[in-house]
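Q: My structure file structure_19.pdb, PDB, N, CA and C atoms, pLDDT in the B column, is below:
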```
ATOM      1  N   MET P 828     -39.090 -27.764  18.258  1.00 56.00           N
ATOM      2  CA  MET P 828     -39.411 -26.535  18.959  1.00 56.00           C
ATOM      3  C   MET P 828     -38.621 -25.381  18.344  1.00 56.00           C
ATOM      4  N   GLN P 829     -39.306 -24.251  18.081  1.00 62.00           N
ATOM      5  CA  GLN P 829     -38.646 -23.086  17.516  1.00 62.00           C
ATOM      6  C   GLN P 829     -37.962 -22.280  18.611  1.00 62.00           C
ATOM      7  N   PRO P 830     -36.827 -21.676  18.303  1.00 65.00           N
ATOM      8  CA  PRO P 830     -36.171 -20.837  19.310  1.00 65.00           C
ATOM      9  C   PRO P 830     -37.009 -19.594  19.580  1.00 65.00           C
ATOM     10  N   ARG P 831     -36.956 -19.122  20.780  1.00 74.00           N
ATOM     11  CA  ARG P 831     -37.687 -17.916  21.167  1.00 74.00           C
ATOM     12  C   ARG P 831     -36.925 -16.704  20.660  1.00 74.00           C
ATOM     13  N   ILE P 832     -37.586 -15.876  19.873  1.00 91.00           N
ATOM     14  CA  ILE P 832     -36.877 -14.724  19.326  1.00 91.00           C
ATOM     15  C   ILE P 832     -37.313 -13.402  19.949  1.00 91.00           C
ATOM     16  N   PHE P 833     -38.439 -13.397  20.650  1.00 95.00           N
ATOM     17  CA  PHE P 833     -38.904 -12.177  21.300  1.00 95.00           C
ATOM     18  C   PHE P 833     -38.711 -12.300  22.799  1.00 95.00           C
ATOM     19  N   ARG P 834     -38.415 -11.187  23.434  1.00 94.00           N
ATOM     20  CA  ARG P 834     -38.189 -11.173  24.879  1.00 94.00           C
ATOM     21  C   ARG P 834     -39.458 -11.535  25.648  1.00 94.00           C
ATOM     22  N   ASP P 835     -40.593 -10.998  25.197  1.00 94.00           N
ATOM     23  CA  ASP P 835     -41.873 -11.274  25.836  1.00 94.00           C
ATOM     24  C   ASP P 835     -42.988 -10.917  24.855  1.00 94.00           C
ATOM     25  N   GLU P 836     -44.230 -11.081  25.284  1.00 95.00           N
ATOM     26  CA  GLU P 836     -45.364 -10.806  24.399  1.00 95.00           C
ATOM     27  C   GLU P 836     -45.446  -9.334  24.003  1.00 95.00           C
ATOM     28  N   GLU P 837     -45.094  -8.441  24.915  1.00 96.00           N
ATOM     29  CA  GLU P 837     -45.133  -7.009  24.605  1.00 96.00           C
ATOM     30  C   GLU P 837     -44.133  -6.665  23.510  1.00 96.00           C
ATOM     31  N   HIS P 838     -42.963  -7.281  23.568  1.00 96.00           N
ATOM     32  CA  HIS P 838     -41.940  -7.075  22.546  1.00 96.00           C
ATOM     33  C   HIS P 838     -42.466  -7.520  21.187  1.00 96.00           C
ATOM     34  N   GLU P 839     -43.049  -8.686  21.143  1.00 96.00           N
ATOM     35  CA  GLU P 839     -43.586  -9.212  19.885  1.00 96.00           C
ATOM     36  C   GLU P 839     -44.733  -8.340  19.363  1.00 96.00           C
ATOM     37  N   ARG P 840     -45.614  -7.934  20.241  1.00 96.00           N
ATOM     38  CA  ARG P 840     -46.747  -7.089  19.852  1.00 96.00           C
ATOM     39  C   ARG P 840     -46.262  -5.744  19.287  1.00 96.00           C
ATOM     40  N   PHE P 841     -45.302  -5.134  19.977  1.00 97.00           N
ATOM     41  CA  PHE P 841     -44.733  -3.862  19.514  1.00 97.00           C
ATOM     42  C   PHE P 841     -44.111  -4.023  18.131  1.00 97.00           C
ATOM     43  N   TYR P 842     -43.356  -5.079  17.945  1.00 96.00           N
ATOM     44  CA  TYR P 842     -42.667  -5.344  16.681  1.00 96.00           C
ATOM     45  C   TYR P 842     -43.649  -5.384  15.510  1.00 96.00           C
ATOM     46  N   TYR P 843     -44.675  -6.209  15.635  1.00 96.00           N
ATOM     47  CA  TYR P 843     -45.633  -6.347  14.531  1.00 96.00           C
ATOM     48  C   TYR P 843     -46.486  -5.084  14.342  1.00 96.00           C
ATOM     49  N   GLU P 844     -46.830  -4.432  15.426  1.00 97.00           N
ATOM     50  CA  GLU P 844     -47.602  -3.190  15.315  1.00 97.00           C
ATOM     51  C   GLU P 844     -46.767  -2.097  14.645  1.00 97.00           C
ATOM     52  N   SER P 845     -45.498  -2.009  14.974  1.00 97.00           N
ATOM     53  CA  SER P 845     -44.621  -1.005  14.367  1.00 97.00           C
ATOM     54  C   SER P 845     -44.414  -1.267  12.882  1.00 97.00           C
ATOM     55  N   LEU P 846     -44.262  -2.519  12.503  1.00 96.00           N
ATOM     56  CA  LEU P 846     -44.152  -2.844  11.079  1.00 96.00           C
ATOM     57  C   LEU P 846     -45.418  -2.458  10.333  1.00 96.00           C
ATOM     58  N   ARG P 847     -46.562  -2.682  10.971  1.00 96.00           N
ATOM     59  CA  ARG P 847     -47.833  -2.299  10.355  1.00 96.00           C
ATOM     60  C   ARG P 847     -47.927  -0.782  10.217  1.00 96.00           C
ATOM     61  N   ARG P 848     -47.567  -0.055  11.274  1.00 95.00           N
ATOM     62  CA  ARG P 848     -47.624   1.412  11.234  1.00 95.00           C
ATOM     63  C   ARG P 848     -46.701   1.981  10.166  1.00 95.00           C
ATOM     64  N   ALA P 849     -45.531   1.397  10.022  1.00 95.00           N
ATOM     65  CA  ALA P 849     -44.563   1.882   9.035  1.00 95.00           C
ATOM     66  C   ALA P 849     -44.927   1.422   7.629  1.00 95.00           C
ATOM     67  N   ASN P 850     -45.781   0.421   7.552  1.00 95.00           N
ATOM     68  CA  ASN P 850     -46.188  -0.150   6.270  1.00 95.00           C
ATOM     69  C   ASN P 850     -44.981  -0.604   5.442  1.00 95.00           C
ATOM     70  N   CYS P 851     -44.041  -1.212   6.141  1.00 94.00           N
ATOM     71  CA  CYS P 851     -42.821  -1.687   5.474  1.00 94.00           C
ATOM     72  C   CYS P 851     -42.241  -2.834   6.291  1.00 94.00           C
ATOM     73  N   THR P 852     -41.802  -3.882   5.612  1.00 93.00           N
ATOM     74  CA  THR P 852     -41.243  -5.046   6.316  1.00 93.00           C
ATOM     75  C   THR P 852     -39.858  -5.424   5.803  1.00 93.00           C
ATOM     76  N   ASP P 853     -39.115  -4.448   5.266  1.00 95.00           N
ATOM     77  CA  ASP P 853     -37.769  -4.778   4.805  1.00 95.00           C
ATOM     78  C   ASP P 853     -36.851  -5.022   6.004  1.00 95.00           C
ATOM     79  N   ALA P 854     -35.643  -5.467   5.737  1.00 95.00           N
ATOM     80  CA  ALA P 854     -34.708  -5.834   6.798  1.00 95.00           C
ATOM     81  C   ALA P 854     -34.389  -4.651   7.715  1.00 95.00           C
ATOM     82  N   TYR P 855     -34.290  -3.453   7.165  1.00 95.00           N
ATOM     83  CA  TYR P 855     -34.003  -2.251   7.953  1.00 95.00           C
ATOM     84  C   TYR P 855     -35.089  -2.039   9.006  1.00 95.00           C
ATOM     85  N   HIS P 856     -36.340  -2.031   8.589  1.00 96.00           N
ATOM     86  CA  HIS P 856     -37.444  -1.799   9.513  1.00 96.00           C
ATOM     87  C   HIS P 856     -37.585  -2.939  10.521  1.00 96.00           C
ATOM     88  N   ARG P 857     -37.415  -4.163  10.075  1.00 95.00           N
ATOM     89  CA  ARG P 857     -37.502  -5.298  11.004  1.00 95.00           C
ATOM     90  C   ARG P 857     -36.435  -5.166  12.094  1.00 95.00           C
ATOM     91  N   ALA P 858     -35.224  -4.788  11.716  1.00 95.00           N
ATOM     92  CA  ALA P 858     -34.140  -4.648  12.696  1.00 95.00           C
ATOM     93  C   ALA P 858     -34.407  -3.496  13.665  1.00 95.00           C
ATOM     94  N   VAL P 859     -34.806  -2.340  13.145  1.00 95.00           N
ATOM     95  CA  VAL P 859     -35.060  -1.172  13.998  1.00 95.00           C
ATOM     96  C   VAL P 859     -36.161  -1.476  15.006  1.00 95.00           C
ATOM     97  N   PHE P 860     -37.267  -2.019  14.548  1.00 96.00           N
ATOM     98  CA  PHE P 860     -38.385  -2.257  15.452  1.00 96.00           C
ATOM     99  C   PHE P 860     -38.118  -3.412  16.411  1.00 96.00           C
ATOM    100  N   TYR P 861     -37.334  -4.379  15.989  1.00 96.00           N
ATOM    101  CA  TYR P 861     -36.965  -5.456  16.908  1.00 96.00           C
ATOM    102  C   TYR P 861     -36.163  -4.881  18.072  1.00 96.00           C
ATOM    103  N   VAL P 862     -35.161  -4.062  17.756  1.00 93.00           N
ATOM    104  CA  VAL P 862     -34.301  -3.501  18.799  1.00 93.00           C
ATOM    105  C   VAL P 862     -35.071  -2.509  19.675  1.00 93.00           C
ATOM    106  N   LEU P 863     -35.859  -1.628  19.058  1.00 93.00           N
ATOM    107  CA  LEU P 863     -36.639  -0.668  19.851  1.00 93.00           C
ATOM    108  C   LEU P 863     -37.621  -1.363  20.785  1.00 93.00           C
ATOM    109  N   GLY P 864     -38.073  -2.528  20.424  1.00 95.00           N
ATOM    110  CA  GLY P 864     -39.074  -3.215  21.223  1.00 95.00           C
ATOM    111  C   GLY P 864     -38.544  -4.060  22.358  1.00 95.00           C
ATOM    112  N   ILE P 865     -37.251  -4.237  22.452  1.00 92.00           N
ATOM    113  CA  ILE P 865     -36.693  -5.135  23.470  1.00 92.00           C
ATOM    114  C   ILE P 865     -37.002  -4.667  24.884  1.00 92.00           C
ATOM    115  N   SER P 866     -36.788  -3.391  25.172  1.00 90.00           N
ATOM    116  CA  SER P 866     -37.014  -2.916  26.537  1.00 90.00           C
ATOM    117  C   SER P 866     -38.274  -2.072  26.632  1.00 90.00           C
ATOM    118  N   TRP P 867     -38.848  -2.047  27.819  1.00 91.00           N
ATOM    119  CA  TRP P 867     -40.039  -1.247  28.065  1.00 91.00           C
ATOM    120  C   TRP P 867     -39.742   0.224  27.820  1.00 91.00           C
ATOM    121  N   GLU P 868     -38.561   0.687  28.232  1.00 88.00           N
ATOM    122  CA  GLU P 868     -38.225   2.098  28.101  1.00 88.00           C
ATOM    123  C   GLU P 868     -38.227   2.546  26.643  1.00 88.00           C
ATOM    124  N   THR P 869     -37.590   1.779  25.781  1.00 89.00           N
ATOM    125  CA  THR P 869     -37.547   2.193  24.374  1.00 89.00           C
ATOM    126  C   THR P 869     -38.900   1.992  23.690  1.00 89.00           C
ATOM    127  N   ARG P 870     -39.639   0.966  24.078  1.00 93.00           N
ATOM    128  CA  ARG P 870     -40.994   0.794  23.515  1.00 93.00           C
ATOM    129  C   ARG P 870     -41.871   1.980  23.870  1.00 93.00           C
ATOM    130  N   SER P 871     -41.812   2.413  25.111  1.00 92.00           N
ATOM    131  CA  SER P 871     -42.689   3.495  25.550  1.00 92.00           C
ATOM    132  C   SER P 871     -42.287   4.853  24.965  1.00 92.00           C
ATOM    133  N   HIS P 872     -41.080   4.946  24.448  1.00 91.00           N
ATOM    134  CA  HIS P 872     -40.609   6.195  23.840  1.00 91.00           C
ATOM    135  C   HIS P 872     -40.344   6.029  22.342  1.00 91.00           C
ATOM    136  N   ALA P 873     -40.964   5.052  21.749  1.00 92.00           N
ATOM    137  CA  ALA P 873     -40.712   4.763  20.330  1.00 92.00           C
ATOM    138  C   ALA P 873     -40.993   5.959  19.431  1.00 92.00           C
ATOM    139  N   ASN P 874     -42.020   6.733  19.750  1.00 92.00           N
ATOM    140  CA  ASN P 874     -42.333   7.896  18.917  1.00 92.00           C
ATOM    141  C   ASN P 874     -41.276   8.995  19.023  1.00 92.00           C
ATOM    142  N   GLU P 875     -40.479   8.954  20.081  1.00 91.00           N
ATOM    143  CA  GLU P 875     -39.366   9.905  20.222  1.00 91.00           C
ATOM    144  C   GLU P 875     -38.113   9.391  19.511  1.00 91.00           C
ATOM    145  N   LEU P 876     -38.112   8.112  19.185  1.00 92.00           N
ATOM    146  CA  LEU P 876     -36.943   7.502  18.545  1.00 92.00           C
ATOM    147  C   LEU P 876     -37.139   7.236  17.060  1.00 92.00           C
ATOM    148  N   PHE P 877     -38.377   7.071  16.645  1.00 95.00           N
ATOM    149  CA  PHE P 877     -38.651   6.790  15.237  1.00 95.00           C
ATOM    150  C   PHE P 877     -39.801   7.666  14.766  1.00 95.00           C
ATOM    151  N   ASP P 878     -39.593   8.332  13.641  1.00 95.00           N
ATOM    152  CA  ASP P 878     -40.607   9.201  13.033  1.00 95.00           C
ATOM    153  C   ASP P 878     -41.384   8.361  12.026  1.00 95.00           C
ATOM    154  N   TYR P 879     -42.520   7.832  12.455  1.00 95.00           N
ATOM    155  CA  TYR P 879     -43.314   6.957  11.591  1.00 95.00           C
ATOM    156  C   TYR P 879     -43.799   7.664  10.324  1.00 95.00           C
ATOM    157  N   PRO P 880     -44.353   8.885  10.419  1.00 94.00           N
ATOM    158  CA  PRO P 880     -44.839   9.543   9.188  1.00 94.00           C
ATOM    159  C   PRO P 880     -43.736   9.816   8.159  1.00 94.00           C
ATOM    160  N   ASN P 881     -42.533  10.145   8.654  1.00 94.00           N
ATOM    161  CA  ASN P 881     -41.425  10.436   7.738  1.00 94.00           C
ATOM    162  C   ASN P 881     -40.494   9.246   7.532  1.00 94.00           C
ATOM    163  N   ASP P 882     -40.807   8.133   8.193  1.00 95.00           N
ATOM    164  CA  ASP P 882     -40.061   6.889   8.030  1.00 95.00           C
ATOM    165  C   ASP P 882     -38.563   7.057   8.278  1.00 95.00           C
ATOM    166  N   SER P 883     -38.230   7.596   9.446  1.00 94.00           N
ATOM    167  CA  SER P 883     -36.811   7.806   9.753  1.00 94.00           C
ATOM    168  C   SER P 883     -36.558   7.779  11.258  1.00 94.00           C
ATOM    169  N   ILE P 884     -35.319   7.531  11.612  1.00 92.00           N
ATOM    170  CA  ILE P 884     -34.897   7.556  13.006  1.00 92.00           C
ATOM    171  C   ILE P 884     -34.766   9.010  13.436  1.00 92.00           C
ATOM    172  N   LYS P 885     -35.123   9.291  14.682  1.00 91.00           N
ATOM    173  CA  LYS P 885     -34.967  10.629  15.252  1.00 91.00           C
ATOM    174  C   LYS P 885     -33.704  10.625  16.114  1.00 91.00           C
ATOM    175  N   PRO P 886     -32.594  11.115  15.603  1.00 86.00           N
ATOM    176  CA  PRO P 886     -31.339  11.090  16.367  1.00 86.00           C
ATOM    177  C   PRO P 886     -31.427  11.809  17.713  1.00 86.00           C
ATOM    178  N   THR P 887     -32.274  12.822  17.828  1.00 84.00           N
ATOM    179  CA  THR P 887     -32.380  13.544  19.099  1.00 84.00           C
ATOM    180  C   THR P 887     -32.916  12.649  20.212  1.00 84.00           C
ATOM    181  N   GLY P 888     -33.664  11.630  19.870  1.00 79.00           N
ATOM    182  CA  GLY P 888     -34.181  10.706  20.875  1.00 79.00           C
ATOM    183  C   GLY P 888     -33.098   9.884  21.540  1.00 79.00           C
ATOM    184  N   LEU P 889     -31.969   9.753  20.875  1.00 74.00           N
ATOM    185  CA  LEU P 889     -30.877   8.958  21.436  1.00 74.00           C
ATOM    186  C   LEU P 889     -30.211   9.638  22.626  1.00 74.00           C
ATOM    187  N   SER P 890     -30.406  10.941  22.766  1.00 74.00           N
ATOM    188  CA  SER P 890     -29.818  11.653  23.908  1.00 74.00           C
ATOM    189  C   SER P 890     -30.891  12.334  24.744  1.00 74.00           C
ATOM    190  N   ALA P 891     -32.110  11.869  24.666  1.00 69.00           N
ATOM    191  CA  ALA P 891     -33.221  12.461  25.410  1.00 69.00           C
ATOM    192  C   ALA P 891     -33.042  12.258  26.910  1.00 69.00           C
ATOM    193  N   ALA P 892     -33.715  13.091  27.680  1.00 68.00           N
ATOM    194  CA  ALA P 892     -33.581  13.066  29.136  1.00 68.00           C
ATOM    195  C   ALA P 892     -34.029  11.748  29.764  1.00 68.00           C
ATOM    196  N   TRP P 893     -34.940  11.017  29.123  1.00 66.00           N
ATOM    197  CA  TRP P 893     -35.426   9.758  29.695  1.00 66.00           C
ATOM    198  C   TRP P 893     -34.425   8.618  29.547  1.00 66.00           C
ATOM    199  N   GLN P 894     -33.419   8.800  28.710  1.00 62.00           N
ATOM    200  CA  GLN P 894     -32.410   7.750  28.515  1.00 62.00           C
ATOM    201  C   GLN P 894     -31.686   7.472  29.834  1.00 62.00           C
ATOM    202  N   THR P 895     -31.451   6.209  30.104  1.00 60.00           N
ATOM    203  CA  THR P 895     -30.713   5.791  31.294  1.00 60.00           C
ATOM    204  C   THR P 895     -29.450   5.066  30.855  1.00 60.00           C
ATOM    205  N   SER P 896     -28.603   4.741  31.780  1.00 61.00           N
ATOM    206  CA  SER P 896     -27.383   4.014  31.421  1.00 61.00           C
ATOM    207  C   SER P 896     -27.710   2.661  30.797  1.00 61.00           C
ATOM    208  N   SER P 897     -28.787   2.025  31.231  1.00 60.00           N
ATOM    209  CA  SER P 897     -29.129   0.723  30.655  1.00 60.00           C
ATOM    210  C   SER P 897     -29.726   0.858  29.252  1.00 60.00           C
ATOM    211  N   THR P 898     -30.519   1.895  28.975  1.00 60.00           N
ATOM    212  CA  THR P 898     -31.072   2.041  27.620  1.00 60.00           C
ATOM    213  C   THR P 898     -29.987   2.465  26.645  1.00 60.00           C
ATOM    214  N   ILE P 899     -29.055   3.263  27.104  1.00 55.00           N
ATOM    215  CA  ILE P 899     -27.943   3.673  26.243  1.00 55.00           C
ATOM    216  C   ILE P 899     -27.064   2.469  25.937  1.00 55.00           C
ATOM    217  N   GLN P 900     -26.812   1.638  26.917  1.00 52.00           N
ATOM    218  CA  GLN P 900     -25.986   0.453  26.734  1.00 52.00           C
ATOM    219  C   GLN P 900     -26.636  -0.496  25.743  1.00 52.00           C
ATOM    220  N   GLN P 901     -27.950  -0.657  25.778  1.00 53.00           N
ATOM    221  CA  GLN P 901     -28.641  -1.539  24.860  1.00 53.00           C
ATOM    222  C   GLN P 901     -28.540  -1.040  23.429  1.00 53.00           C
ATOM    223  N   ALA P 902     -28.435   0.259  23.259  1.00 49.00           N
ATOM    224  CA  ALA P 902     -28.374   0.833  21.913  1.00 49.00           C
ATOM    225  C   ALA P 902     -26.996   0.681  21.289  1.00 49.00           C
ATOM    226  N   VAL P 903     -25.983   0.414  22.089  1.00 43.00           N
ATOM    227  CA  VAL P 903     -24.619   0.321  21.566  1.00 43.00           C
ATOM    228  C   VAL P 903     -24.340  -1.038  21.005  1.00 43.00           C
TER     229      VAL P 903
END
```
Would it be possible to restate this file's structure as structure tokens?

A:
Amino acid sequence: MQPRIFRDEEHERFYYESLRRANCTDAYHRAVFYVLGISWETRSHANELFDYPNDSIKPTGLSAAWQTSSTIQQAV
């Protein structure tokens, strides 16, 4: 039996869809999308946290108004 690496089906779906959108599967992108996909809050705000067209993290998303103590804690 393989160990479970995704939190749930939505996490797994987000991960693979984000890799497809970014058109890149290097370790950097795999790590970013894995972490962004863990919680519903970060998945639903992924476009505020990652700039897909420019292939970069949006630092302003890390302090956005929707951030909660639990989403900030997960990012640390």

Q: Pick the closest to Asp835 of chain P from P:Asp853, P:Gly864, P:Arg847, P:Thr869: which is it, counting all atoms listed in the file?

A: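 Closest to Asp835 of chain P of all the choices is P:Gly864.
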
Q: Atom N of Arg840 of chain P to atom N of His856 of chain P: how many Å, to one decimal?

A: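 So the answer is 16.0 Å.
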
Q: Do you know which residues are at most 9 Å from Tyr879 of chain P counting only C-alpha atoms, after dropping those on the same chain fewer than 6 positions away, and could you put them as a ChimeraX atom specification?

A: /P:845,848-849

Q: List every protein, DNA or RNA residue with an atom no more than 12 Å from (-40.2, -4.4, 30.1) in the file's coordinates, counting only C-alpha atoms, and format the result as a VMD selection string.

A: chain P and resid 833 to 839 841 863 to 871 898

Q: One decimal, Å: what's the distance from atom CA of Asp878 of chain P over to atom CA of Val859 of chain P, could you say?

A: 11.8 Å

Q: Using Å and a single decimal, report how far atom C of Leu889 of chain P sits from atom C of Ile832 of chain P.

A: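 Separation of atom C of Ile832 of chain P and atom C of Leu889 of chain P: 24.3 Å.
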
Q: Would you compute an axis-aligned box for segment 847-854 of chain P, covering every atom listed for it in the file with 3 Å of margin on each side, and report centre and edge lengths in Å to one decimal as AutoDock Vina command-line options?

A:
```
--center_x -41.2 --center_y -1.9 --center_z 8.0 --size_x 19.5 --size_y 13.8 --size_z 12.5
```

Q: Let's see if you can do this: from backbone DSSP, list all strand (DSSP E) residues in segment 828-899 of chain P, as a PyMOL selection string.

A: chain P and resi 877-878+883-884

Q: Starting from the block above, write segment 856-875 of chain P out to a file with N, CA, C and O atoms, as an mmCIF file, in the first residue's frame, please.

A:
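Okay, this is what ended up in decode_37.cif:
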```
data_model
loop_
_atom_site.group_PDB
_atom_site.id
_atom_site.type_symbol
_atom_site.label_atom_id
_atom_site.label_comp_id
_atom_site.auth_asym_id
_atom_site.auth_seq_id
_atom_site.Cartn_x
_atom_site.Cartn_y
_atom_site.Cartn_z
ATOM 1 N N HIS P 856 7.958 24.111 -8.530
ATOM 2 C CA HIS P 856 6.528 24.185 -8.802
ATOM 3 C C HIS P 856 5.756 23.089 -8.067
ATOM 4 O O HIS P 856 4.672 23.337 -7.551
ATOM 5 N N ARG P 857 6.303 21.896 -8.018
ATOM 6 C CA ARG P 857 5.627 20.811 -7.293
ATOM 7 C C ARG P 857 5.463 21.188 -5.818
ATOM 8 O O ARG P 857 4.392 20.985 -5.241
ATOM 9 N N ALA P 858 6.496 21.760 -5.219
ATOM 10 C CA ALA P 858 6.427 22.143 -3.804
ATOM 11 C C ALA P 858 5.424 23.274 -3.578
ATOM 12 O O ALA P 858 4.601 23.215 -2.657
ATOM 13 N N VAL P 859 5.475 24.311 -4.407
ATOM 14 C CA VAL P 859 4.568 25.454 -4.248
ATOM 15 C C VAL P 859 3.117 25.007 -4.374
ATOM 16 O O VAL P 859 2.281 25.340 -3.533
ATOM 17 N N PHE P 860 2.805 24.250 -5.401
ATOM 18 C CA PHE P 860 1.418 23.859 -5.618
ATOM 19 C C PHE P 860 0.945 22.820 -4.606
ATOM 20 O O PHE P 860 -0.228 22.795 -4.249
ATOM 21 N N TYR P 861 1.846 21.991 -4.125
ATOM 22 C CA TYR P 861 1.463 21.045 -3.076
ATOM 23 C C TYR P 861 1.039 21.813 -1.828
ATOM 24 O O TYR P 861 -0.017 21.567 -1.249
ATOM 25 N N VAL P 862 1.856 22.784 -1.420
ATOM 26 C CA VAL P 862 1.562 23.542 -0.203
ATOM 27 C C VAL P 862 0.322 24.420 -0.386
ATOM 28 O O VAL P 862 -0.537 24.472 0.491
ATOM 29 N N LEU P 863 0.221 25.113 -1.522
ATOM 30 C CA LEU P 863 -0.960 25.954 -1.759
ATOM 31 C C LEU P 863 -2.247 25.140 -1.776
ATOM 32 O O LEU P 863 -3.307 25.649 -1.422
ATOM 33 N N GLY P 864 -2.167 23.895 -2.148
ATOM 34 C CA GLY P 864 -3.364 23.079 -2.266
ATOM 35 C C GLY P 864 -3.827 22.401 -0.998
ATOM 36 O O GLY P 864 -4.921 21.830 -0.976
ATOM 37 N N ILE P 865 -3.060 22.466 0.059
ATOM 38 C CA ILE P 865 -3.412 21.736 1.283
ATOM 39 C C ILE P 865 -4.728 22.209 1.879
ATOM 40 O O ILE P 865 -5.591 21.412 2.221
ATOM 41 N N SER P 866 -4.912 23.516 2.007
ATOM 42 C CA SER P 866 -6.139 24.009 2.633
ATOM 43 C C SER P 866 -7.083 24.614 1.607
ATOM 44 O O SER P 866 -6.666 25.126 0.565
ATOM 45 N N TRP P 867 -8.361 24.594 1.936
ATOM 46 C CA TRP P 867 -9.373 25.176 1.066
ATOM 47 C C TRP P 867 -9.112 26.662 0.881
ATOM 48 O O TRP P 867 -9.266 27.196 -0.226
ATOM 49 N N GLU P 868 -8.709 27.351 1.950
ATOM 50 C CA GLU P 868 -8.507 28.792 1.877
ATOM 51 C C GLU P 868 -7.428 29.159 0.863
ATOM 52 O O GLU P 868 -7.615 30.045 0.039
ATOM 53 N N THR P 869 -6.300 28.478 0.917
ATOM 54 C CA THR P 869 -5.228 28.824 -0.024
ATOM 55 C C THR P 869 -5.553 28.347 -1.440
ATOM 56 O O THR P 869 -5.194 29.024 -2.398
ATOM 57 N N ARG P 870 -6.241 27.224 -1.569
ATOM 58 C CA ARG P 870 -6.662 26.782 -2.915
ATOM 59 C C ARG P 870 -7.588 27.805 -3.544
ATOM 60 O O ARG P 870 -7.447 28.145 -4.719
ATOM 61 N N SER P 871 -8.534 28.303 -2.778
ATOM 62 C CA SER P 871 -9.516 29.229 -3.337
ATOM 63 C C SER P 871 -8.918 30.606 -3.643
ATOM 64 O O SER P 871 -9.508 31.374 -4.395
ATOM 65 N N HIS P 872 -7.759 30.891 -3.088
ATOM 66 C CA HIS P 872 -7.092 32.173 -3.338
ATOM 67 C C HIS P 872 -5.763 31.984 -4.073
ATOM 68 O O HIS P 872 -4.906 32.869 -4.047
ATOM 69 N N ALA P 873 -5.628 30.882 -4.751
ATOM 70 C CA ALA P 873 -4.358 30.574 -5.423
ATOM 71 C C ALA P 873 -3.944 31.653 -6.414
ATOM 72 O O ALA P 873 -2.757 31.982 -6.512
ATOM 73 N N ASN P 874 -4.905 32.243 -7.109
ATOM 74 C CA ASN P 874 -4.560 33.287 -8.076
ATOM 75 C C ASN P 874 -4.053 34.564 -7.405
ATOM 76 O O ASN P 874 -3.411 35.383 -8.045
ATOM 77 N N GLU P 875 -4.350 34.720 -6.122
ATOM 78 C CA GLU P 875 -3.823 35.863 -5.361
ATOM 79 C C GLU P 875 -2.438 35.549 -4.794
ATOM 80 O O GLU P 875 -1.739 36.454 -4.348
#
```
